[in-house]
$ cat start-v8.pdb   # PDB, C-alpha atoms and all ligand atoms
ATOM      1  CA  MET A  90       0.000   0.000   0.000  1.00  0.00           C
ATOM      2  CA  SER A  91       1.289   3.458  -0.836  1.00  0.00           C
ATOM      3  CA  LYS A  92       1.910   6.000   1.907  1.00  0.00           C
ATOM      4  CA  GLN A  93      -1.060   8.206   2.637  1.00  0.00           C
ATOM      5  CA  ILE A  94      -0.507  11.851   1.814  1.00  0.00           C
ATOM      6  CA  THR A  95      -1.670  14.243   4.492  1.00  0.00           C
ATOM      7  CA  VAL A  96      -2.270  17.961   4.341  1.00  0.00           C
ATOM      8  CA  LYS A  97      -1.902  20.104   7.461  1.00  0.00           C
ATOM      9  CA  PHE A  98      -4.675  22.520   8.341  1.00  0.00           C
ATOM     10  CA  PRO A  99      -4.917  24.994  11.197  1.00  0.00           C
ATOM     11  CA  ALA A 100      -6.748  23.408  14.122  1.00  0.00           C
ATOM     12  CA  PRO A 101      -9.701  25.217  15.635  1.00  0.00           C
ATOM     13  CA  LEU A 102      -8.385  27.230  18.586  1.00  0.00           C
ATOM     14  CA  PRO A 103      -8.298  27.349  21.533  1.00  0.00           C
ATOM     15  CA  ALA A 104      -7.988  23.589  21.938  1.00  0.00           C
ATOM     16  CA  GLU A 105      -7.145  21.169  24.687  1.00  0.00           C
ATOM     17  CA  ILE A 106      -5.057  18.052  24.142  1.00  0.00           C
ATOM     18  CA  PRO A 107      -3.984  15.245  26.475  1.00  0.00           C
ATOM     19  CA  CYS A 108      -0.567  16.149  27.857  1.00  0.00           C
ATOM     20  CA  PRO A 109       2.003  14.464  25.620  1.00  0.00           C
ATOM     21  CA  VAL A 110       4.654  14.720  28.344  1.00  0.00           C
ATOM     22  CA  CYS A 111       3.051  12.713  31.137  1.00  0.00           C
ATOM     23  CA  ARG A 112       0.205  11.048  29.224  1.00  0.00           C
ATOM     24  CA  TYR A 113      -1.703  11.176  32.510  1.00  0.00           C
ATOM     25  CA  GLU A 114      -5.127  10.851  30.832  1.00  0.00           C
ATOM     26  CA  GLU A 115      -4.109   7.592  29.237  1.00  0.00           C
ATOM     27  CA  GLY A 116      -3.006   6.301  32.634  1.00  0.00           C
ATOM     28  CA  LEU A 117       0.405   5.543  31.252  1.00  0.00           C
ATOM     29  CA  LYS A 118       2.741   7.611  33.375  1.00  0.00           C
ATOM     30  CA  GLY A 119       2.597   9.408  36.699  1.00  0.00           C
ATOM     31  CA  ASN A 120       0.026  11.806  37.988  1.00  0.00           C
ATOM     32  CA  GLY A 121       0.596  14.788  35.803  1.00  0.00           C
ATOM     33  CA  CYS A 122       3.622  16.985  35.375  1.00  0.00           C
ATOM     34  CA  VAL A 123       4.714  20.612  35.431  1.00  0.00           C
ATOM     35  CA  ALA A 124       4.020  20.926  31.691  1.00  0.00           C
ATOM     36  CA  CYS A 125       0.310  20.393  32.281  1.00  0.00           C
ATOM     37  CA  GLN A 126       0.236  21.726  35.868  1.00  0.00           C
ATOM     38  CA  PHE A 127      -0.806  18.232  37.001  1.00  0.00           C
ATOM     39  CA  THR A 128      -4.082  18.348  35.066  1.00  0.00           C
ATOM     40  CA  GLY A 129      -3.117  15.933  32.302  1.00  0.00           C
ATOM     41  CA  ALA A 130      -4.256  18.380  29.650  1.00  0.00           C
ATOM     42  CA  ILE A 131      -2.525  21.157  27.760  1.00  0.00           C
ATOM     43  CA  HIS A 132      -4.323  24.204  26.522  1.00  0.00           C
ATOM     44  CA  ILE A 133      -3.252  25.280  23.043  1.00  0.00           C
ATOM     45  CA  THR A 134      -3.831  28.777  21.776  1.00  0.00           C
ATOM     46  CA  VAL A 135      -1.240  29.153  19.013  1.00  0.00           C
ATOM     47  CA  ASP A 136      -0.274  27.548  15.748  1.00  0.00           C
ATOM     48  CA  ALA A 137      -1.722  24.060  16.086  1.00  0.00           C
ATOM     49  CA  LYS A 138      -1.988  22.086  12.864  1.00  0.00           C
ATOM     50  CA  ILE A 139      -3.867  18.922  12.239  1.00  0.00           C
ATOM     51  CA  PRO A 140      -2.996  16.501   9.458  1.00  0.00           C
ATOM     52  CA  ILE A 141      -5.885  15.446   7.227  1.00  0.00           C
ATOM     53  CA  GLN A 142      -5.542  12.702   4.652  1.00  0.00           C
ATOM     54  CA  ARG A 143      -5.598  14.256   1.197  1.00  0.00           C
ATOM     55  CA  ALA A 144      -7.995  11.553  -0.027  1.00  0.00           C
ATOM     56  CA  HIS A 145     -10.616  12.871   2.433  1.00  0.00           C
ATOM     57  CA  ILE A 146     -10.193  16.387   1.053  1.00  0.00           C
ATOM     58  CA  ILE A 147     -10.558  15.194  -2.534  1.00  0.00           C
ATOM     59  CA  LYS A 148     -13.642  13.167  -1.619  1.00  0.00           C
ATOM     60  CA  TYR A 149     -15.134  16.220   0.088  1.00  0.00           C
ATOM     61  CA  VAL A 150     -14.495  18.373  -2.985  1.00  0.00           C
ATOM     62  CA  ALA A 151     -15.990  15.726  -5.298  1.00  0.00           C
ATOM     63  CA  ASN A 152     -19.096  15.367  -3.120  1.00  0.00           C
ATOM     64  CA  ASN A 153     -19.571  19.125  -2.766  1.00  0.00           C
ATOM     65  CA  MET A 154     -18.560  20.263  -6.232  1.00  0.00           C
ATOM     66  CA  SER A 155     -21.246  22.910  -6.717  1.00  0.00           C
ATOM     67  CA  VAL A 156     -20.585  24.527  -3.304  1.00  0.00           C
ATOM     68  CA  VAL A 157     -16.790  24.381  -3.793  1.00  0.00           C
ATOM     69  CA  SER A 158     -16.905  25.815  -7.308  1.00  0.00           C
ATOM     70  CA  SER A 159     -19.210  28.684  -6.355  1.00  0.00           C
ATOM     71  CA  GLU A 160     -16.971  29.455  -3.342  1.00  0.00           C
ATOM     72  CA  LEU A 161     -13.897  29.444  -5.607  1.00  0.00           C
ATOM     73  CA  THR A 162     -15.612  31.890  -7.911  1.00  0.00           C
ATOM     74  CA  LYS A 163     -16.692  34.072  -4.998  1.00  0.00           C
ATOM     75  CA  LEU A 164     -13.307  34.060  -3.215  1.00  0.00           C
ATOM     76  CA  PHE A 165     -10.813  33.922  -6.071  1.00  0.00           C
ATOM     77  CA  GLY A 166     -12.788  34.843  -9.151  1.00  0.00           C
ATOM     78  CA  LEU A 167     -12.053  31.390 -10.534  1.00  0.00           C
ATOM     79  CA  VAL A 168     -14.292  30.573 -13.492  1.00  0.00           C
ATOM     80  CA  PRO A 169     -14.369  27.668 -15.934  1.00  0.00           C
ATOM     81  CA  GLU A 170     -11.965  27.967 -18.839  1.00  0.00           C
ATOM     82  CA  VAL A 171     -13.803  28.365 -22.153  1.00  0.00           C
ATOM     83  CA  GLU A 172     -11.938  27.831 -25.410  1.00  0.00           C
ATOM     84  CA  THR A 173     -12.566  26.931 -29.001  1.00  0.00           C
ATOM     85  CA  LYS A 174     -11.052  23.475 -29.529  1.00  0.00           C
ATOM     86  CA  GLU A 175     -11.586  23.271 -33.258  1.00  0.00           C
ATOM     87  CA  VAL A 176     -13.810  24.164 -36.151  1.00  0.00           C
ATOM     88  CA  VAL A 177     -15.194  21.196 -38.059  1.00  0.00           C
ATOM     89  CA  ASP A 178     -16.210  21.737 -41.664  1.00  0.00           C
ATOM     90  CA  SER A 179     -18.517  19.090 -43.016  1.00  0.00           C
ATOM     91  CA  GLU A 180     -21.281  18.405 -45.518  1.00  0.00           C
ATOM     92  CA  LEU A 181     -23.696  18.905 -42.630  1.00  0.00           C
ATOM     93  CA  GLY A 182     -22.367  22.356 -41.805  1.00  0.00           C
ATOM     94  CA  GLN A 183     -19.605  24.227 -40.059  1.00  0.00           C
ATOM     95  CA  PHE A 184     -19.369  23.601 -36.322  1.00  0.00           C
ATOM     96  CA  GLU A 185     -17.288  25.317 -33.678  1.00  0.00           C
ATOM     97  CA  ILE A 186     -16.396  22.880 -30.892  1.00  0.00           C
ATOM     98  CA  ILE A 187     -16.114  24.784 -27.613  1.00  0.00           C
ATOM     99  CA  GLN A 188     -14.620  23.179 -24.521  1.00  0.00           C
ATOM    100  CA  VAL A 189     -15.649  24.335 -21.067  1.00  0.00           C
ATOM    101  CA  SER A 190     -13.107  23.121 -18.482  1.00  0.00           C
ATOM    102  CA  SER A 191     -13.880  23.361 -14.808  1.00  0.00           C
ATOM    103  CA  LEU A 192     -12.951  21.809 -11.489  1.00  0.00           C
ATOM    104  CA  GLY A 193     -15.600  19.175 -12.069  1.00  0.00           C
ATOM    105  CA  GLY A 194     -14.326  18.162 -15.506  1.00  0.00           C
ATOM    106  CA  ALA A 195     -14.986  19.330 -19.033  1.00  0.00           C
ATOM    107  CA  VAL A 196     -18.049  19.612 -21.265  1.00  0.00           C
ATOM    108  CA  TRP A 197     -18.262  20.486 -24.951  1.00  0.00           C
ATOM    109  CA  ILE A 198     -20.622  22.602 -26.964  1.00  0.00           C
ATOM    110  CA  ALA A 199     -20.988  22.260 -30.722  1.00  0.00           C
ATOM    111  CA  ASN A 200     -22.137  25.560 -32.168  1.00  0.00           C
ATOM    112  CA  ARG A 201     -23.259  25.845 -35.773  1.00  0.00           C
ATOM    113  CA  LEU A 202     -21.361  28.696 -37.496  1.00  0.00           C
ATOM    114  CA  ASP A 203     -22.846  28.730 -40.997  1.00  0.00           C
ATOM    115  CA  GLU A 204     -26.475  28.972 -39.982  1.00  0.00           C
ATOM    116  CA  PHE A 205     -28.626  29.473 -36.934  1.00  0.00           C
ATOM    117  CA  ALA A 206     -29.220  26.270 -34.962  1.00  0.00           C
ATOM    118  CA  PRO A 207     -29.530  25.406 -31.299  1.00  0.00           C
ATOM    119  CA  PRO A 208     -26.179  24.387 -29.764  1.00  0.00           C
ATOM    120  CA  LYS A 209     -25.515  20.738 -28.925  1.00  0.00           C
ATOM    121  CA  TYR A 210     -24.051  19.754 -25.566  1.00  0.00           C
ATOM    122  CA  PHE A 211     -21.730  16.819 -24.863  1.00  0.00           C
ATOM    123  CA  TYR A 212     -20.896  15.579 -21.400  1.00  0.00           C
ATOM    124  CA  THR A 213     -18.389  12.905 -22.384  1.00  0.00           C
ATOM    125  CA  LEU A 214     -15.535  12.881 -24.883  1.00  0.00           C
ATOM    126  CA  LYS A 215     -17.031   9.689 -26.339  1.00  0.00           C
ATOM    127  CA  GLU A 216     -20.324  11.452 -27.166  1.00  0.00           C
ATOM    128  CA  LEU A 217     -18.405  14.315 -28.786  1.00  0.00           C
ATOM    129  CA  ASP A 218     -16.264  11.937 -30.870  1.00  0.00           C
ATOM    130  CA  LEU A 219     -19.393  10.106 -32.053  1.00  0.00           C
ATOM    131  CA  PHE A 220     -20.975  13.405 -33.088  1.00  0.00           C
ATOM    132  CA  LYS A 221     -17.802  14.498 -34.938  1.00  0.00           C
ATOM    133  CA  LYS A 222     -17.555  11.155 -36.744  1.00  0.00           C
ATOM    134  CA  GLY A 223     -21.236  11.506 -37.659  1.00  0.00           C
ATOM    135  CA  ILE A 224     -20.900  14.949 -39.237  1.00  0.00           C
ATOM    136  CA  GLU A 225     -17.581  14.133 -40.902  1.00  0.00           C
ATOM    137  CA  ASN A 226     -19.256  11.153 -42.590  1.00  0.00           C
ATOM    138  CA  GLY A 227     -22.112  13.393 -43.690  1.00  0.00           C
ATOM    139  CA  GLY A 228     -24.548  11.662 -41.368  1.00  0.00           C
ATOM    140  CA  ARG A 229     -23.985   8.258 -42.953  1.00  0.00           C
TER     141      ARG A 229
HETATM  142 ZN    ZN B   1       1.613  16.476  31.962  1.00  0.00          ZN
END
$ encode --input "start-v8.pdb" --output "structure tokens"
Amino acid sequence: MSKQITVKFPAPLPAEIPCPVCRYEEGLKGNGCVACQFTGAIHITVDAKIPIQRAHIIKYVANNMSVVSSELTKLFGLVPEVETKEVVDSELGQFEIIQVSSLGGAVWIANRLDEFAPPKYFYTLKELDLFKKGIENGGR
């Protein structure tokens, strides 16, 4: 198994942790020490970080994509990247293939350039390739 990658985040403060010096709470050593003033707990008010497995963060982002993407737009002005991938000339017309790339993946829009027609939307690369093959073969 590969080593789990963790990311450190600031812990909510103030926080209290079992004293790592005497480990009194775990009943392992002694009855408290000067570090914890014999309470077995240490009060933290500065710079505590907690490691979180990166896989949990990725899962959270995947499960909360719409919230995360709207927050990214709000906080950082991040928007999906929109670009023309190609222009396909065919017997069935001239189509501009637009790719919209976002945190959640990419989608494609085929827009007719030579005449007015409603745009077509593709949610997988396979669907787009089928459409392109179709128009390149003149619908045959
Ligand atoms: Zn202690």
$ residues_around --input "start-v8.pdb" --residues "Val123 in chain A" --least-positions-apart "4" --cutoff "12 Å" --atoms "only C-alpha atoms" --output "ChimeraX atom specification"
/A:108-111,113,119,127-131
$ resolve_selection --input "start-v8.pdb" --expression "the PyMOL selection byres (((chain A and resi 169-174) around 6) and not hetatm)" --output "list in words"
Val168, Glu175, Ile186, Ile187, Gln188, Val189, Ser190 and Ser191 of chain A
$ closest_residue --input "start-v8.pdb" --among "A:His132, A:Arg143, A:Arg201, A:Lys209" --to "ligand ZN 1 (chain B)" --atoms "all atoms listed in the file"
A:His132
$ closest_residue --input "start-v8.pdb" --among "A:Gly193, A:Gly121, A:Gly166, A:Pro207" --to "Val150 in chain A" --atoms "all atoms listed in the file"
A:Gly193
$ residues_around --input "start-v8.pdb" --residues "Gln93 in chain A" --least-positions-apart "4" --cutoff "12 Å" --atoms "all atoms listed in the file" --output "PDB file with C-alpha atoms, in the coordinates of the input"
ATOM      1  CA  PRO A 140      -2.996  16.501   9.458  1.00  0.00           C
ATOM      2  CA  ILE A 141      -5.885  15.446   7.227  1.00  0.00           C
ATOM      3  CA  GLN A 142      -5.542  12.702   4.652  1.00  0.00           C
ATOM      4  CA  ARG A 143      -5.598  14.256   1.197  1.00  0.00           C
ATOM      5  CA  ALA A 144      -7.995  11.553  -0.027  1.00  0.00           C
ATOM      6  CA  HIS A 145     -10.616  12.871   2.433  1.00  0.00           C
TER       7      HIS A 145
END
